[in-house]
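Trainee: Mind looking over this structure? Questions follow.
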Amino acid sequence: MKPLIHSLSRLELETECQALGLPSYRAGQIWAWLYARRVADWAEMKNLPAALRAGLASKFDLAGVAPLKTEGDPVGTRKILAGLRDGECVEEVLIPARDRKTVCVSSQVGCRFACVFCASGKGGYVRNLETGEIIGQLLLAWREYGDRPSNIVFMGMGEPFDNYDAVLKAVRIINDAEGLNIGARHITISTSGVVPGIARLADEGIQVELSVSLHAPDNPLRSKLMPVNRKYPLEALMAACTRYAAATRRIITFEYTLIRGVNDTRQHAAALASLLRSIPGRVNLIPLSPVDGFEGQAPDPGTAPLFIEVLGRAGINATTRISKGTNIDAACGQLRLRSRKTL
């Protein structure tokens with residue numbers, strides 16, 4: 001397969017143009033067609049000579065993803081199964097609200113981290129996404145919305161820090177004022193707790209939001225729910241988060257999925273408050289959504305308010321995420337699992 005042109009940074013595109021003997025302004029023209037006008041066909045790049053368009057088409061692919069299946073409300077939450085050039089597929093979710101248009105994108109085909117309640121890893125890890133395939137999801141979402149997405153969250157399939165370089169290159173293109181021009185503070189990277197990735201992001205000098213999937217307040221339980229904890233236990237994770245908050249002056253969001261009878265007692269809430277007391281952050285409580293292959297159940301209705309009360313007394317802001325995608329199995333990986341059985 002030819003390289004995806006959307007996998008090139010602005011500097012790499014300029015280098016490619018120089019290698020072709022083109023004047024420097026051509027890179028700017030191509031970049032504008034890719035991101036300001038978001039064309040889907042080389043023929044649409046009208047101010048480029050036909051020979052140049054043909055040369056680019058012979059060297060690069062312009063389309064990295066294509067919609068295979070869409071589920072959900074045409075004007076509400078939608079899940080898109082996006083096909084890739086090698087026959088694999090990933091998911092993205094569009095979550096519109098009154099004041100924002102959020103897109104949840106994937107960073108890998110599958111996932112190697114195997115959290116017990118996550119469908120992404122049920123089919124195993126296949127490969128990392130290229131930067132152009134990540135960007136392709138955003139361009140597809142833009143077409144679906146008919147407008148520029150306002151918020152990008154790397155919370156789809158895969159662990160973003162397991163594909164760090166491709167994800168950060170995509171983030172910089174998304175954030176580039178002459179790229180997709182979406183503000184850094186409207187971009188969230190979510191990690192299961194990959195400590196080296198948190199450390200690298202702290203030194204990037206980009207003000208993206210960091211979200212850490214926690215789901216348990218102690219090592220034994222977290223290791224049972226999230227095998228990544230065996231490699232990066234809570235002590236190392238909390239130290240990395242403390243350093244990140246100090247280096248970036250950003251508040252970290254800690255995701256905590258509530259599972260009935262597993263991590264949802266008052267004692268768990270108190271332990272969570274103790275764990276996070278000294279870290280600038282907030283907690284996003286997520287009642288468990290049903291996942292094939294995991295027998296856990298959603299918590300009782302009073303559980304989230306209990307956690308909010310306990311955490312609030314410790315000075316920690318906590319909110320409950322209201323699921324908008326339960327009716328379409330919007331938890332990442334579920335549409336891909338079902339589709340692999342039918343496609």
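A note on labels: chains of the structure tokens are A, B, ... as shown, every chain counts residues from 1, and ligands are counted from 1 in their shown order.
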List as a Markdown table every residue of stretch 134-230 of chain A that is in contact with stretch 123-129 of chain A, defined as an atom at most 9 Å from one of its atoms (using only C-alpha atoms), together with the nearest atom pair and the distance in Å rounded to one decimal, sorted by chain and then rising number.
Mentor:
```
| residue | atom | partner | partner_atom | distance |
| --- | --- | --- | --- | --- |
| A:Ile134 | CA | A:Leu129 | CA | 6.7 |
| A:Gly158 | CA | A:Asn128 | CA | 8.2 |
| A:Asp162 | CA | A:Asn128 | CA | 8.1 |
| A:Asn163 | CA | A:Asn128 | CA | 6.1 |
| A:Ala166 | CA | A:Leu129 | CA | 7.4 |
| A:Val167 | CA | A:Leu129 | CA | 8.6 |
```
Trainee: Which residues are near A:Leu258? Cut-off 12 Å, only C-alpha atoms, ignore same chain within fewer than 3 positions. Put them as a PyMOL selection string.
Mentor: chain A and resi 117+213-217+225+255+261-266+268-269+283-290+296-307+320-321
Trainee: For those residues, write C-alpha atoms to a file as an mmCIF file, in the first residue's frame.
Mentor:
```
data_model
loop_
_atom_site.group_PDB
_atom_site.id
_atom_site.type_symbol
_atom_site.label_atom_id
_atom_site.label_comp_id
_atom_site.auth_asym_id
_atom_site.auth_seq_id
_atom_site.Cartn_x
_atom_site.Cartn_y
_atom_site.Cartn_z
ATOM 1 C CA PHE A 117 -14.782 -4.864 31.110
ATOM 2 C CA SER A 213 -8.596 5.162 33.643
ATOM 3 C CA LEU A 214 -8.378 4.151 37.298
ATOM 4 C CA HIS A 215 -11.366 1.935 38.160
ATOM 5 C CA ALA A 216 -9.972 0.750 41.507
ATOM 6 C CA PRO A 217 -8.335 2.427 44.521
ATOM 7 C CA LEU A 225 -9.509 -5.443 36.558
ATOM 8 C CA GLU A 255 -12.128 7.708 35.079
ATOM 9 C CA GLY A 261 -20.214 -5.564 44.244
ATOM 10 C CA VAL A 262 -16.700 -5.092 42.890
ATOM 11 C CA ASN A 263 -15.513 -1.500 43.433
ATOM 12 C CA ASP A 264 -18.594 0.410 44.540
ATOM 13 C CA THR A 265 -18.709 0.440 48.350
ATOM 14 C CA ARG A 266 -18.264 3.354 50.724
ATOM 15 C CA HIS A 268 -13.828 1.961 48.014
ATOM 16 C CA ALA A 269 -14.945 5.597 47.811
ATOM 17 C CA VAL A 283 -13.206 12.050 39.026
ATOM 18 C CA ASN A 284 -15.566 10.956 36.282
ATOM 19 C CA LEU A 285 -17.821 8.186 37.591
ATOM 20 C CA ILE A 286 -19.092 5.794 34.911
ATOM 21 C CA PRO A 287 -21.852 3.277 35.681
ATOM 22 C CA LEU A 288 -20.870 0.063 33.929
ATOM 23 C CA SER A 289 -22.407 -0.544 30.510
ATOM 24 C CA PRO A 290 -23.098 -4.166 29.514
ATOM 25 C CA GLY A 296 -20.265 -7.465 35.899
ATOM 26 C CA GLN A 297 -23.416 -5.449 36.515
ATOM 27 C CA ALA A 298 -24.223 -1.767 36.680
ATOM 28 C CA PRO A 299 -24.222 -0.264 40.192
ATOM 29 C CA ASP A 300 -27.286 0.611 42.223
ATOM 30 C CA PRO A 301 -28.658 4.106 41.480
ATOM 31 C CA GLY A 302 -27.423 5.451 44.806
ATOM 32 C CA THR A 303 -23.799 4.435 44.293
ATOM 33 C CA ALA A 304 -22.608 7.389 42.221
ATOM 34 C CA PRO A 305 -24.162 9.967 44.604
ATOM 35 C CA LEU A 306 -22.437 8.165 47.495
ATOM 36 C CA PHE A 307 -19.057 8.456 45.767
ATOM 37 C CA THR A 320 -21.307 11.068 36.791
ATOM 38 C CA ARG A 321 -21.026 10.437 33.083
#
```
Trainee: Write out as a ChimeraX atom specification all residues of stretch 105-310 of chain A that DSSP puts in strand (DSSP E) for this structure's backbone.
Mentor: /A:108-109,127-128,151-154,187-191,209-213,252-258,281-287
Trainee: Select from stretch 101-200 of chain A everything DSSP, run on the backbone, classes as helix (DSSP H, G or I), then give the selection as a PyMOL selection string.
Mentor: chain A and resi 119-121+131-145+160-175+184-186+195-200
Trainee: Pick out the closest residue to A:Ile206 from this set: A:Ala271, A:Leu81, A:Ala97, A:Ala184. Count only C-alpha atoms.
Mentor: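 Under the stated criterion, the closest residue is A:Ala184.
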Trainee: Work out how far atom CA of A:Val116 is from atom CA of A:Lys231, in Å to one decimal.
Mentor: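 About the pair atom CA of A:Lys231 and atom CA of A:Val116: they are 16.1 Å apart.
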Trainee: Hey, what's within 9 Å of stretch 197-203 of chain A if we count only C-alpha atoms and toss same-chain stuff fewer than 5 positions away? As a ChimeraX atom specification, please?
Mentor: /A:160-162,164,168,191,208,210,237,240-241,243-248
Trainee: Pick from A:Ala50, A:Val75, A:Leu13, A:Met157: nearest to A:Gly110, with only C-alpha atoms counted?
Mentor: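 Answer, going by the shortest atom-to-atom distance: A:Met157.
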Trainee: For A:Met1, please output as a ChimeraX atom specification all residues within 9 Å (counting only C-alpha atoms; exclusion window: fewer than 4 positions along the same chain).
Mentor: /A:60-61,85-86
Trainee: For A:Thr257, which of A:Met226, A:Ala270, A:Ala236, A:Leu275 is the closest residue, counting only C-alpha atoms?
Mentor: A:Met226
Trainee: Fewer than 5 positions away in the same chain doesn't count, so skip those; otherwise give me all residues within 6 Å of stretch 66-72 of chain A, counting only C-alpha atoms, as a PyMOL selection string.
Mentor: chain A and resi 77-83+328
Trainee: Select, from A:Ile30, A:Gly156, A:Ala63, A:Tyr256, the residue with the minimum atom-to-atom distance to A:Ala119, counting only C-alpha atoms.
Mentor: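 Looking only at the distances to A:Ala119, the closest residue turns out to be A:Gly156.
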Trainee: Need the shell around A:Leu20: protein/DNA/RNA residues with any atom at most 12 Å away, counting only C-alpha atoms. Skip same-chain ones fewer than 4 positions apart. Format as number ranges by chain?
Mentor: A: 13-16, 24, 26-27, 51-52, 55-56, 59
